[in-house]
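Structure file structure-v5.txt with compact mmCIF, C-alpha atoms:
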```txt
# COMPACT_ATOMS: atom_id res chain seq x y z
CA MET A 1 -30.39 12.01 20.53
CA VAL A 2 -32.94 10.14 18.40
CA VAL A 3 -36.52 11.45 18.40
CA GLY A 4 -39.50 9.58 16.94
CA ARG A 5 -43.06 10.90 16.67
CA GLY A 6 -46.27 9.08 15.77
CA PHE A 7 -48.74 10.10 13.08
CA GLY A 8 -50.64 13.15 14.24
CA GLY A 9 -48.15 13.81 17.06
CA GLY A 10 -49.97 11.52 19.47
CA TRP A 11 -46.80 10.08 20.95
CA SER A 12 -43.04 10.60 20.84
CA VAL A 13 -39.96 8.61 21.79
CA ARG A 14 -36.54 10.00 22.66
CA ALA A 15 -33.47 7.82 22.88
CA ASP A 16 -29.79 8.59 23.27
CA LEU A 17 -27.94 7.79 20.03
CA ARG A 18 -25.03 6.19 21.91
CA MET A 19 -27.43 4.00 23.91
CA VAL A 20 -29.23 2.87 20.74
CA SER A 21 -25.89 2.07 19.07
CA VAL A 22 -24.63 0.09 22.07
CA CYS A 23 -27.89 -1.86 22.28
CA ALA A 24 -27.71 -2.71 18.57
CA LEU A 25 -24.07 -3.81 18.78
CA VAL A 26 -24.59 -5.92 21.92
CA ALA A 27 -27.74 -7.52 20.48
CA THR A 28 -25.84 -8.34 17.27
CA ALA A 29 -23.03 -9.89 19.31
CA ALA A 30 -25.53 -11.97 21.30
CA ILE A 31 -27.16 -13.29 18.11
CA ALA A 32 -23.71 -14.03 16.61
CA VAL A 33 -22.73 -16.06 19.69
CA GLY A 34 -26.06 -17.87 19.42
CA VAL A 35 -25.32 -18.79 15.79
CA VAL A 36 -21.88 -20.09 16.80
CA THR A 37 -23.55 -22.20 19.51
CA LEU A 38 -25.84 -23.71 16.85
CA CYS A 39 -22.82 -24.63 14.70
CA VAL A 40 -20.44 -26.19 17.24
CA GLY A 41 -20.85 -29.37 19.25
CA ASP A 42 -20.15 -33.09 19.05
CA LEU A 43 -21.54 -32.86 15.49
CA PRO A 44 -20.17 -29.63 13.91
CA ILE A 45 -22.50 -28.12 11.31
CA ALA A 46 -21.54 -25.36 8.87
CA PRO A 47 -23.41 -22.02 9.16
CA ASP A 48 -25.08 -22.47 5.74
CA ARG A 49 -26.39 -25.90 6.79
CA VAL A 50 -27.63 -24.42 10.08
CA LEU A 51 -29.57 -21.83 8.08
CA ALA A 52 -30.89 -24.57 5.79
CA ALA A 53 -32.06 -26.60 8.80
CA ILE A 54 -33.84 -23.56 10.27
CA MET A 55 -35.53 -22.83 6.93
CA GLY A 56 -36.65 -26.47 6.66
CA ASP A 57 -34.24 -27.43 3.85
CA GLY A 58 -31.71 -29.38 5.94
CA SER A 59 -31.28 -33.12 6.25
CA ARG A 60 -33.18 -35.03 8.90
CA MET A 61 -30.09 -35.24 11.11
CA GLU A 62 -29.31 -31.51 10.73
CA THR A 63 -32.89 -30.55 11.52
CA THR A 64 -32.95 -32.73 14.62
CA VAL A 65 -29.63 -31.45 15.98
CA VAL A 66 -30.13 -27.76 15.14
CA VAL A 67 -33.86 -27.18 15.54
CA LYS A 68 -34.87 -29.74 18.16
CA TRP A 69 -31.75 -29.94 20.35
CA ARG A 70 -29.62 -26.78 20.09
CA MET A 71 -32.04 -24.00 19.16
CA PRO A 72 -34.31 -24.17 22.25
CA ARG A 73 -31.23 -23.91 24.46
CA VAL A 74 -29.94 -20.87 22.57
CA VAL A 75 -33.36 -19.18 22.60
CA LEU A 76 -33.73 -19.84 26.32
CA ALA A 77 -30.24 -18.46 27.01
CA LEU A 78 -31.07 -15.24 25.13
CA VAL A 79 -34.50 -14.78 26.73
CA LEU A 80 -33.53 -15.75 30.29
CA GLY A 81 -30.41 -13.60 30.08
CA ALA A 82 -32.54 -10.64 28.99
CA LEU A 83 -34.97 -11.26 31.87
CA LEU A 84 -32.13 -11.45 34.41
CA GLY A 85 -30.47 -8.31 33.03
CA ALA A 86 -33.74 -6.36 33.14
CA SER A 87 -34.46 -7.63 36.66
CA GLY A 88 -31.02 -6.49 37.82
CA ALA A 89 -31.55 -3.05 36.30
CA ILE A 90 -34.88 -2.67 38.10
CA PHE A 91 -33.51 -3.65 41.51
CA GLN A 92 -30.38 -1.51 41.12
CA SER A 93 -32.60 1.43 40.16
CA VAL A 94 -34.93 0.89 43.13
CA THR A 95 -32.08 0.45 45.64
CA ARG A 96 -29.80 3.00 43.91
CA ASN A 97 -26.95 0.61 44.57
CA PRO A 98 -24.86 -1.49 42.10
CA LEU A 99 -25.07 -4.40 44.57
CA GLY A 100 -28.87 -4.31 44.64
CA SER A 101 -29.48 -7.36 42.49
CA PRO A 102 -31.79 -10.35 43.08
CA ASP A 103 -28.71 -12.53 43.68
CA VAL A 104 -27.55 -10.43 46.61
CA ILE A 105 -31.02 -9.73 48.02
CA GLY A 106 -31.68 -13.47 48.24
CA PHE A 107 -34.45 -14.20 45.75
CA ASN A 108 -32.35 -16.84 43.98
CA THR A 109 -31.61 -18.51 47.32
CA GLY A 110 -35.34 -18.57 48.07
CA ALA A 111 -36.05 -20.14 44.69
CA TYR A 112 -33.47 -22.83 45.48
CA THR A 113 -35.14 -23.46 48.83
CA GLY A 114 -38.49 -23.97 47.09
CA ALA A 115 -36.93 -26.41 44.61
CA LEU A 116 -35.20 -28.35 47.40
CA VAL A 117 -38.48 -28.72 49.28
CA VAL A 118 -40.14 -30.12 46.14
CA ILE A 119 -37.24 -32.43 45.13
CA LEU A 120 -36.01 -33.69 48.50
CA LEU A 121 -38.84 -33.26 51.02
CA ILE A 122 -41.93 -33.86 48.86
CA GLY A 123 -40.13 -36.26 46.51
CA GLN A 124 -41.18 -34.81 43.14
CA LYS A 125 -38.64 -35.03 40.30
CA GLY A 126 -40.55 -33.54 37.38
CA TYR A 127 -39.39 -30.37 35.62
CA TYR A 128 -42.66 -28.50 36.08
CA GLU A 129 -43.04 -29.49 39.76
CA THR A 130 -39.50 -28.24 40.44
CA ALA A 131 -40.17 -25.04 38.49
CA ALA A 132 -43.35 -24.43 40.48
CA GLY A 133 -41.46 -24.95 43.75
CA ALA A 134 -38.75 -22.50 42.66
CA LEU A 135 -41.37 -19.96 41.61
CA ILE A 136 -43.19 -20.16 44.95
CA GLY A 137 -39.91 -20.05 46.89
CA GLY A 138 -38.63 -17.00 45.05
CA VAL A 139 -41.88 -15.05 45.36
CA ALA A 140 -42.31 -15.97 49.05
CA THR A 141 -38.75 -14.80 49.78
CA ALA A 142 -39.34 -11.54 47.95
CA LEU A 143 -42.53 -10.95 49.96
CA ALA A 144 -40.73 -11.69 53.26
CA VAL A 145 -37.81 -9.38 52.39
CA TYR A 146 -40.17 -6.57 51.38
CA LEU A 147 -42.26 -6.82 54.56
CA LEU A 148 -39.20 -7.03 56.83
CA ALA A 149 -37.58 -4.05 55.08
CA TYR A 150 -40.75 -1.92 55.11
CA LYS A 151 -40.65 1.04 57.47
CA ARG A 152 -42.77 3.94 56.25
CA GLY A 153 -41.74 2.82 52.77
CA VAL A 154 -38.82 0.77 51.45
CA GLN A 155 -35.33 2.27 51.33
CA GLY A 156 -32.69 0.72 49.09
CA PHE A 157 -29.93 0.13 51.66
CA ARG A 158 -32.36 -1.39 54.15
CA LEU A 159 -33.77 -3.70 51.46
CA ILE A 160 -30.25 -4.96 50.62
CA ILE A 161 -29.29 -5.56 54.26
CA VAL A 162 -32.53 -7.41 55.03
CA GLY A 163 -32.13 -9.41 51.81
CA ILE A 164 -28.59 -10.46 52.71
CA ALA A 165 -29.78 -11.56 56.17
CA VAL A 166 -32.69 -13.58 54.75
CA SER A 167 -30.39 -15.09 52.12
CA ALA A 168 -27.93 -16.19 54.82
CA MET A 169 -30.71 -17.90 56.80
CA LEU A 170 -32.06 -19.64 53.70
CA THR A 171 -28.55 -20.78 52.75
CA SER A 172 -28.21 -22.54 56.11
CA ILE A 173 -31.66 -24.13 55.65
CA ASN A 174 -30.68 -25.32 52.17
CA ALA A 175 -27.47 -26.86 53.54
CA TRP A 176 -29.42 -28.65 56.29
CA ILE A 177 -31.92 -30.07 53.75
CA LEU A 178 -29.08 -31.34 51.54
CA VAL A 179 -27.20 -32.91 54.47
CA LYS A 180 -30.31 -34.81 55.59
CA ALA A 181 -31.18 -36.03 52.06
CA ASP A 182 -30.20 -39.22 50.23
CA LEU A 183 -26.81 -38.78 48.52
CA ASP A 184 -27.96 -39.34 44.91
CA ARG A 185 -30.97 -37.05 45.25
CA ALA A 186 -28.87 -34.42 47.04
CA MET A 187 -26.36 -34.44 44.16
CA SER A 188 -29.17 -34.07 41.62
CA ALA A 189 -30.63 -31.14 43.56
CA SER A 190 -27.19 -29.53 43.86
CA VAL A 191 -26.75 -29.62 40.06
CA TRP A 192 -30.13 -27.89 39.65
CA GLY A 193 -29.04 -25.30 42.22
CA ALA A 194 -26.00 -24.37 40.13
CA GLY A 195 -28.28 -23.17 37.31
CA SER A 196 -28.21 -25.18 34.10
CA LEU A 197 -29.63 -25.15 30.57
CA ASN A 198 -28.56 -28.73 29.88
CA GLY A 199 -31.24 -30.93 28.36
CA LEU A 200 -33.87 -28.21 27.89
CA ARG A 201 -36.07 -28.66 24.79
CA TRP A 202 -38.98 -26.84 23.16
CA ASP A 203 -41.52 -28.32 25.59
CA ASN A 204 -39.54 -26.61 28.38
CA ALA A 205 -38.92 -23.42 26.42
CA THR A 206 -42.44 -22.77 25.12
CA PRO A 207 -44.11 -21.92 28.49
CA VAL A 208 -41.17 -19.65 29.36
CA LEU A 209 -41.42 -17.77 26.06
CA ILE A 210 -45.18 -17.28 26.50
CA VAL A 211 -44.82 -15.92 30.04
CA ALA A 212 -41.86 -13.72 28.98
CA ALA A 213 -43.96 -12.27 26.14
CA LEU A 214 -46.74 -11.47 28.62
CA CYS A 215 -44.20 -9.50 30.69
CA VAL A 216 -43.30 -7.12 27.84
CA PRO A 217 -46.09 -4.58 28.63
CA LEU A 218 -44.97 -4.58 32.29
CA LEU A 219 -41.42 -3.80 31.18
CA VAL A 220 -42.56 -0.95 28.94
CA VAL A 221 -44.30 0.70 31.91
CA ALA A 222 -41.25 0.08 34.10
CA ALA A 223 -38.93 1.60 31.48
CA VAL A 224 -41.01 4.80 31.52
CA ARG A 225 -41.18 5.09 35.31
CA MET A 226 -37.60 4.15 36.25
CA PRO A 227 -35.93 7.37 34.96
CA ILE A 228 -38.52 9.48 36.78
CA LEU A 229 -37.98 7.63 40.07
CA ASP A 230 -34.20 7.99 39.63
CA LEU A 231 -34.68 11.77 39.96
CA GLY A 232 -35.92 11.32 43.54
CA ASP A 233 -39.22 11.05 45.35
CA ASP A 234 -39.91 14.78 45.28
CA ALA A 235 -39.39 14.99 41.52
CA ALA A 236 -41.61 11.95 41.02
CA LYS A 237 -44.39 13.53 43.08
CA ALA A 238 -44.02 16.76 41.10
CA VAL A 239 -45.00 14.92 37.89
CA GLY A 240 -47.84 13.07 39.59
CA LEU A 241 -46.05 9.77 40.21
CA ARG A 242 -46.61 7.99 43.55
CA ALA A 243 -43.04 7.12 44.54
CA GLU A 244 -43.80 4.28 46.97
CA GLY A 245 -46.42 2.72 44.72
CA THR A 246 -44.03 2.90 41.76
CA ARG A 247 -41.27 1.34 43.86
CA LEU A 248 -43.55 -1.54 44.83
CA TYR A 249 -44.58 -2.00 41.18
CA LEU A 250 -40.95 -2.16 40.04
CA ILE A 251 -40.05 -4.66 42.78
CA LEU A 252 -42.95 -6.91 41.77
CA VAL A 253 -41.90 -6.81 38.10
CA GLY A 254 -38.28 -7.55 39.04
CA VAL A 255 -39.36 -10.47 41.23
CA VAL A 256 -41.51 -11.93 38.42
CA LEU A 257 -38.62 -11.73 35.93
CA THR A 258 -36.20 -13.39 38.36
CA ALA A 259 -38.72 -16.06 39.31
CA ILE A 260 -39.34 -16.97 35.64
CA ALA A 261 -35.61 -17.47 35.04
CA ALA A 262 -35.09 -19.43 38.26
CA ALA A 263 -38.10 -21.66 37.58
CA ALA A 264 -36.88 -22.43 34.05
CA ALA A 265 -33.18 -23.09 34.59
CA GLY A 266 -32.39 -22.80 38.29
CA PRO A 267 -30.81 -19.87 40.12
CA ILE A 268 -28.27 -18.48 37.62
CA ALA A 269 -26.10 -16.07 39.57
CA PHE A 270 -24.36 -12.78 38.76
CA VAL A 271 -26.00 -12.00 35.38
CA SER A 272 -28.44 -9.67 37.16
CA LEU A 273 -25.59 -8.11 39.10
CA ALA A 274 -23.11 -7.54 36.27
CA ALA A 275 -25.24 -6.82 33.16
CA PRO A 276 -26.74 -3.44 34.23
CA GLN A 277 -23.40 -1.98 35.35
CA ILE A 278 -21.49 -3.17 32.27
CA ALA A 279 -24.23 -1.72 30.05
CA ARG A 280 -24.24 1.56 31.99
CA ARG A 281 -20.50 1.99 31.46
CA LEU A 282 -20.78 1.22 27.75
CA THR A 283 -23.66 3.66 27.22
CA GLY A 284 -22.18 6.34 29.48
CA ALA A 285 -25.61 6.90 31.01
CA PRO A 286 -25.92 8.32 34.55
CA GLY A 287 -28.30 5.51 35.59
CA VAL A 288 -29.02 1.92 34.67
CA GLY A 289 -31.23 1.47 31.60
CA LEU A 290 -33.66 -1.38 31.12
CA ALA A 291 -33.01 -2.10 27.42
CA PRO A 292 -29.16 -1.98 27.59
CA ALA A 293 -29.18 -4.23 30.67
CA ALA A 294 -31.51 -6.73 28.96
CA VAL A 295 -29.41 -7.11 25.80
CA MET A 296 -26.21 -7.27 27.87
CA GLY A 297 -27.77 -9.98 30.05
CA ALA A 298 -28.67 -11.94 26.91
CA LEU A 299 -25.07 -11.67 25.64
CA LEU A 300 -23.56 -12.69 29.00
CA LEU A 301 -25.77 -15.76 29.39
CA VAL A 302 -25.54 -17.06 25.81
CA ALA A 303 -21.74 -16.59 25.85
CA SER A 304 -21.44 -18.25 29.26
CA ASP A 305 -23.54 -21.17 28.04
CA LEU A 306 -21.27 -21.63 25.02
CA VAL A 307 -18.25 -21.76 27.35
CA ALA A 308 -20.10 -24.15 29.67
CA GLN A 309 -20.80 -26.51 26.75
CA ARG A 310 -17.35 -26.51 25.15
CA ALA A 311 -14.78 -25.76 27.91
CA PHE A 312 -14.67 -29.38 29.13
CA ALA A 313 -16.35 -31.10 26.15
CA PRO A 314 -17.82 -33.64 25.89
CA THR A 315 -18.83 -33.08 29.55
CA PRO A 316 -21.04 -29.95 29.79
CA LEU A 317 -20.91 -27.72 32.85
CA PRO A 318 -23.90 -26.00 34.48
CA VAL A 319 -23.97 -22.49 33.04
CA GLY A 320 -24.20 -21.12 36.57
CA VAL A 321 -20.63 -22.28 37.22
CA VAL A 322 -19.40 -20.03 34.39
CA THR A 323 -21.54 -17.03 35.36
CA VAL A 324 -20.30 -17.27 38.96
CA SER A 325 -16.69 -17.25 37.72
CA VAL A 326 -17.31 -14.24 35.46
CA GLY A 327 -19.33 -12.50 38.15
CA GLY A 328 -16.61 -13.04 40.75
CA ILE A 329 -14.06 -11.31 38.51
CA TYR A 330 -16.51 -8.47 37.90
CA LEU A 331 -17.24 -8.09 41.63
CA VAL A 332 -13.53 -7.87 42.51
CA TRP A 333 -13.05 -5.25 39.77
CA LEU A 334 -16.07 -3.27 41.01
CA LEU A 335 -14.88 -3.29 44.63
CA PHE A 336 -11.37 -2.29 43.54
CA LYS A 337 -12.70 0.61 41.46
CA GLU A 338 -15.04 1.82 44.20
CA GLY A 339 -12.17 1.64 46.70
CA ARG A 340 -9.97 3.80 44.48
CA ARG A 341 -12.79 6.28 43.88
CA GLN A 342 -13.33 6.78 47.62
```
Encoded form (structure tokens):
Amino acid sequence: MVVGRGFGGGWSVRADLRMVSVCALVATAAIAVGVVTLCVGDLPIAPDRVLAAIMGDGSRMETTVVVKWRMPRVVLALVLGALLGASGAIFQSVTRNPLGSPDVIGFNTGAYTGALVVILLIGQKGYYETAAGALIGGVATALAVYLLAYKRGVQGFRLIIVGIAVSAMLTSINAWILVKADLDRAMSASVWGAGSLNGLRWDNATPVLIVAALCVPLLVVAAVRMPILDLGDDAAKAVGLRAEGTRLYLILVGVVLTAIAAAAAGPIAFVSLAAPQIARRLTGAPGVGLAPAAVMGALLLVASDLVAQRAFAPTPLPVGVVTVSVGGIYLVWLLFKEGRRQ
């Protein structure tokens, strides 16, 4: 256990040594994969030249390739992966279920519906118009799921079941919109729906980084309240915490994190589902932790994006195709393990 205390004893922080070590190792691995991503590509660049380009001492070509083309994609993969991992940890804590992720509850499907309405029904093709549609779709779906699941408060199992039902309805609506659309535009919308970081530059990344930075204080509050809520409603009330209000706050934060990622790169599946549980098993903690899930999400997404870029080079895949494949393997393993345990 690591204990830190501020000057004068005004505040203190306690953290499990194993959790801190796992977070440091996973974060280091994520940064290492990011560096590899900066080096490889159609124009391979040695690590020392990558560093020179970042420090402003590289050639014009190296600076363009590393700083303008590859770095925004790597930064977005790390940040969006962290947001998805943290969002999954929040929803799995609220629902007390390893399947309680935004993917399963349907928020990603709602974001896709919003993007389809903008691209195919309204006819807008711009990045920011599509992102706004995805944001509105994801938030509207979250609001609908919450209201439909509300019955003297929100219970985790009920939230998941309602979310699956809403997701199924939205999936059928999405299929109907795609069937009725022009073929070329439907194919373009389908690629966006797979979740992709292809072609994203600093003008796409900058707004995401600003909004993500604004969410940090919300995550700090969530990280403090989640362990208390995990002890149960009665324990939360005993320390003066309003359980239902805290649950609503955590859901809102989780929805915002998921909506940011979906608006920036499309609905990237399974990172929210897998990252918290993998991190929990590595840390040996009884519940899902926000920080371990965030760094694990960053590692999963940046590694998946590297595979998506190089597996069928020179043709890049949408990163969502890779995360779905990895997530499918994880889901089968999880179901197998739960079946043996029962």
Need to verify the contact set: Gly153 (chain A), 12 Å, all atoms listed in the file, exclusion of same-chain residues closer than 4 positions in sequence. Can you return it as JSON, numbers by chain? {"A": [94, 146, 147, 148, 149, 158, 159, 233, 242, 243, 244, 245, 246, 247, 248]}
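Across the structure, CA of Leu231 (chain A) and CA of Val271 (chain A) are spaced 25.7 Å apart.
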Residue with smallest distance to Gly81 (chain A) - pool A:Gln309, A:Ser325, A:Ser272, A:Thr141, counting only C-alpha atoms: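 Of A:Gln309, A:Ser325, A:Ser272, A:Thr141, the one nearest Gly81 (chain A), counting only C-alpha atoms, is A:Ser272.
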Might you pull out every residue within 10 Å of Pro72 (chain A), with only C-alpha atoms counted and same-chain residues fewer than 4 positions away left off, and present them as number ranges by chain? A: 66-68, 76-78, 197, 199-206
With a distance cut-off of 8 Å and only C-alpha atoms, select the neighbouring residues of Thr95 (chain A), excluding the residue or stretch itself and same-chain residues fewer than 2 positions from it, and output the selection as a PDB file with C-alpha atoms, in the frame of the given file.
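Listing of result23.pdb after writing:
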```
ATOM      1  CA  PHE A  91     -33.510  -3.650  41.510  1.00  0.00           C
ATOM      2  CA  GLN A  92     -30.380  -1.510  41.120  1.00  0.00           C
ATOM      3  CA  SER A  93     -32.600   1.430  40.160  1.00  0.00           C
ATOM      4  CA  ASN A  97     -26.950   0.610  44.570  1.00  0.00           C
ATOM      5  CA  GLY A 100     -28.870  -4.310  44.640  1.00  0.00           C
ATOM      6  CA  GLN A 155     -35.330   2.270  51.330  1.00  0.00           C
ATOM      7  CA  GLY A 156     -32.690   0.720  49.090  1.00  0.00           C
ATOM      8  CA  PHE A 157     -29.930   0.130  51.660  1.00  0.00           C
ATOM      9  CA  LEU A 159     -33.770  -3.700  51.460  1.00  0.00           C
ATOM     10  CA  ILE A 160     -30.250  -4.960  50.620  1.00  0.00           C
TER      11      ILE A 160
END
```
Report the distance between CA of Ala269 (chain A) and CA of Gly195 (chain A) in Å, rounded to one decimal place.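 So the two atoms, CA of Ala269 (chain A) and CA of Gly195 (chain A), lie 7.8 Å apart.
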Fill-in result for region 46-64 of chain A, N, CA, C and O atoms as a JSON list (two decimals), in the coordinates of the input:
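Result file is part_25.json:
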```json
[["chain", "number", "residue", "atom", "x", "y", "z"],
["A", 46, "ALA", "N", -21.91, -26.63, 9.49],
["A", 46, "ALA", "CA", -21.54, -25.36, 8.87],
["A", 46, "ALA", "C", -22.69, -24.36, 8.97],
["A", 46, "ALA", "O", -23.86, -24.75, 8.99],
["A", 47, "PRO", "N", -22.35, -23.04, 9.03],
["A", 47, "PRO", "CA", -23.41, -22.02, 9.16],
["A", 47, "PRO", "C", -24.48, -22.10, 8.07],
["A", 47, "PRO", "O", -25.66, -21.89, 8.36],
["A", 48, "ASP", "N", -24.07, -22.40, 6.81],
["A", 48, "ASP", "CA", -25.08, -22.47, 5.74],
["A", 48, "ASP", "C", -26.03, -23.64, 5.93],
["A", 48, "ASP", "O", -27.22, -23.56, 5.63],
["A", 49, "ARG", "N", -25.52, -24.76, 6.52],
["A", 49, "ARG", "CA", -26.39, -25.90, 6.79],
["A", 49, "ARG", "C", -27.29, -25.63, 8.00],
["A", 49, "ARG", "O", -28.41, -26.14, 8.08],
["A", 50, "VAL", "N", -26.78, -24.83, 8.95],
["A", 50, "VAL", "CA", -27.63, -24.42, 10.08],
["A", 50, "VAL", "C", -28.81, -23.60, 9.57],
["A", 50, "VAL", "O", -29.96, -23.82, 9.96],
["A", 51, "LEU", "N", -28.50, -22.65, 8.66],
["A", 51, "LEU", "CA", -29.57, -21.83, 8.08],
["A", 51, "LEU", "C", -30.55, -22.70, 7.29],
["A", 51, "LEU", "O", -31.78, -22.50, 7.38],
["A", 52, "ALA", "N", -30.01, -23.68, 6.56],
["A", 52, "ALA", "CA", -30.89, -24.57, 5.79],
["A", 52, "ALA", "C", -31.79, -25.37, 6.72],
["A", 52, "ALA", "O", -32.99, -25.56, 6.44],
["A", 53, "ALA", "N", -31.24, -25.84, 7.84],
["A", 53, "ALA", "CA", -32.06, -26.60, 8.80],
["A", 53, "ALA", "C", -33.15, -25.72, 9.39],
["A", 53, "ALA", "O", -34.30, -26.17, 9.57],
["A", 54, "ILE", "N", -32.83, -24.46, 9.70],
["A", 54, "ILE", "CA", -33.84, -23.56, 10.27],
["A", 54, "ILE", "C", -34.94, -23.26, 9.26],
["A", 54, "ILE", "O", -36.13, -23.17, 9.62],
["A", 55, "MET", "N", -34.55, -23.14, 7.97],
["A", 55, "MET", "CA", -35.53, -22.83, 6.93],
["A", 55, "MET", "C", -36.29, -24.08, 6.46],
["A", 55, "MET", "O", -37.18, -24.00, 5.60],
["A", 56, "GLY", "N", -35.93, -25.25, 7.02],
["A", 56, "GLY", "CA", -36.65, -26.47, 6.66],
["A", 56, "GLY", "C", -36.08, -27.20, 5.47],
["A", 56, "GLY", "O", -36.72, -28.14, 4.96],
["A", 57, "ASP", "N", -34.85, -26.79, 5.02],
["A", 57, "ASP", "CA", -34.24, -27.43, 3.85],
["A", 57, "ASP", "C", -33.07, -28.33, 4.24],
["A", 57, "ASP", "O", -32.37, -28.83, 3.34],
["A", 58, "GLY", "N", -32.83, -28.55, 5.52],
["A", 58, "GLY", "CA", -31.71, -29.38, 5.94],
["A", 58, "GLY", "C", -32.07, -30.85, 5.95],
["A", 58, "GLY", "O", -33.24, -31.24, 5.75],
["A", 59, "SER", "N", -31.03, -31.69, 6.14],
["A", 59, "SER", "CA", -31.28, -33.12, 6.25],
["A", 59, "SER", "C", -32.01, -33.41, 7.56],
["A", 59, "SER", "O", -32.12, -32.56, 8.44],
["A", 60, "ARG", "N", -32.45, -34.66, 7.69],
["A", 60, "ARG", "CA", -33.18, -35.03, 8.90],
["A", 60, "ARG", "C", -32.30, -34.89, 10.14],
["A", 60, "ARG", "O", -32.73, -34.41, 11.18],
["A", 61, "MET", "N", -31.03, -35.33, 9.99],
["A", 61, "MET", "CA", -30.09, -35.24, 11.11],
["A", 61, "MET", "C", -29.83, -33.77, 11.47],
["A", 61, "MET", "O", -29.83, -33.40, 12.66],
["A", 62, "GLU", "N", -29.58, -32.93, 10.47],
["A", 62, "GLU", "CA", -29.31, -31.51, 10.73],
["A", 62, "GLU", "C", -30.51, -30.84, 11.40],
["A", 62, "GLU", "O", -30.34, -30.04, 12.33],
["A", 63, "THR", "N", -31.69, -31.15, 10.93],
["A", 63, "THR", "CA", -32.89, -30.55, 11.52],
["A", 63, "THR", "C", -33.06, -30.98, 12.97],
["A", 63, "THR", "O", -33.39, -30.15, 13.85],
["A", 64, "THR", "N", -32.80, -32.25, 13.24],
["A", 64, "THR", "CA", -32.95, -32.73, 14.62],
["A", 64, "THR", "C", -31.94, -32.05, 15.55],
["A", 64, "THR", "O", -32.30, -31.57, 16.63]]
```
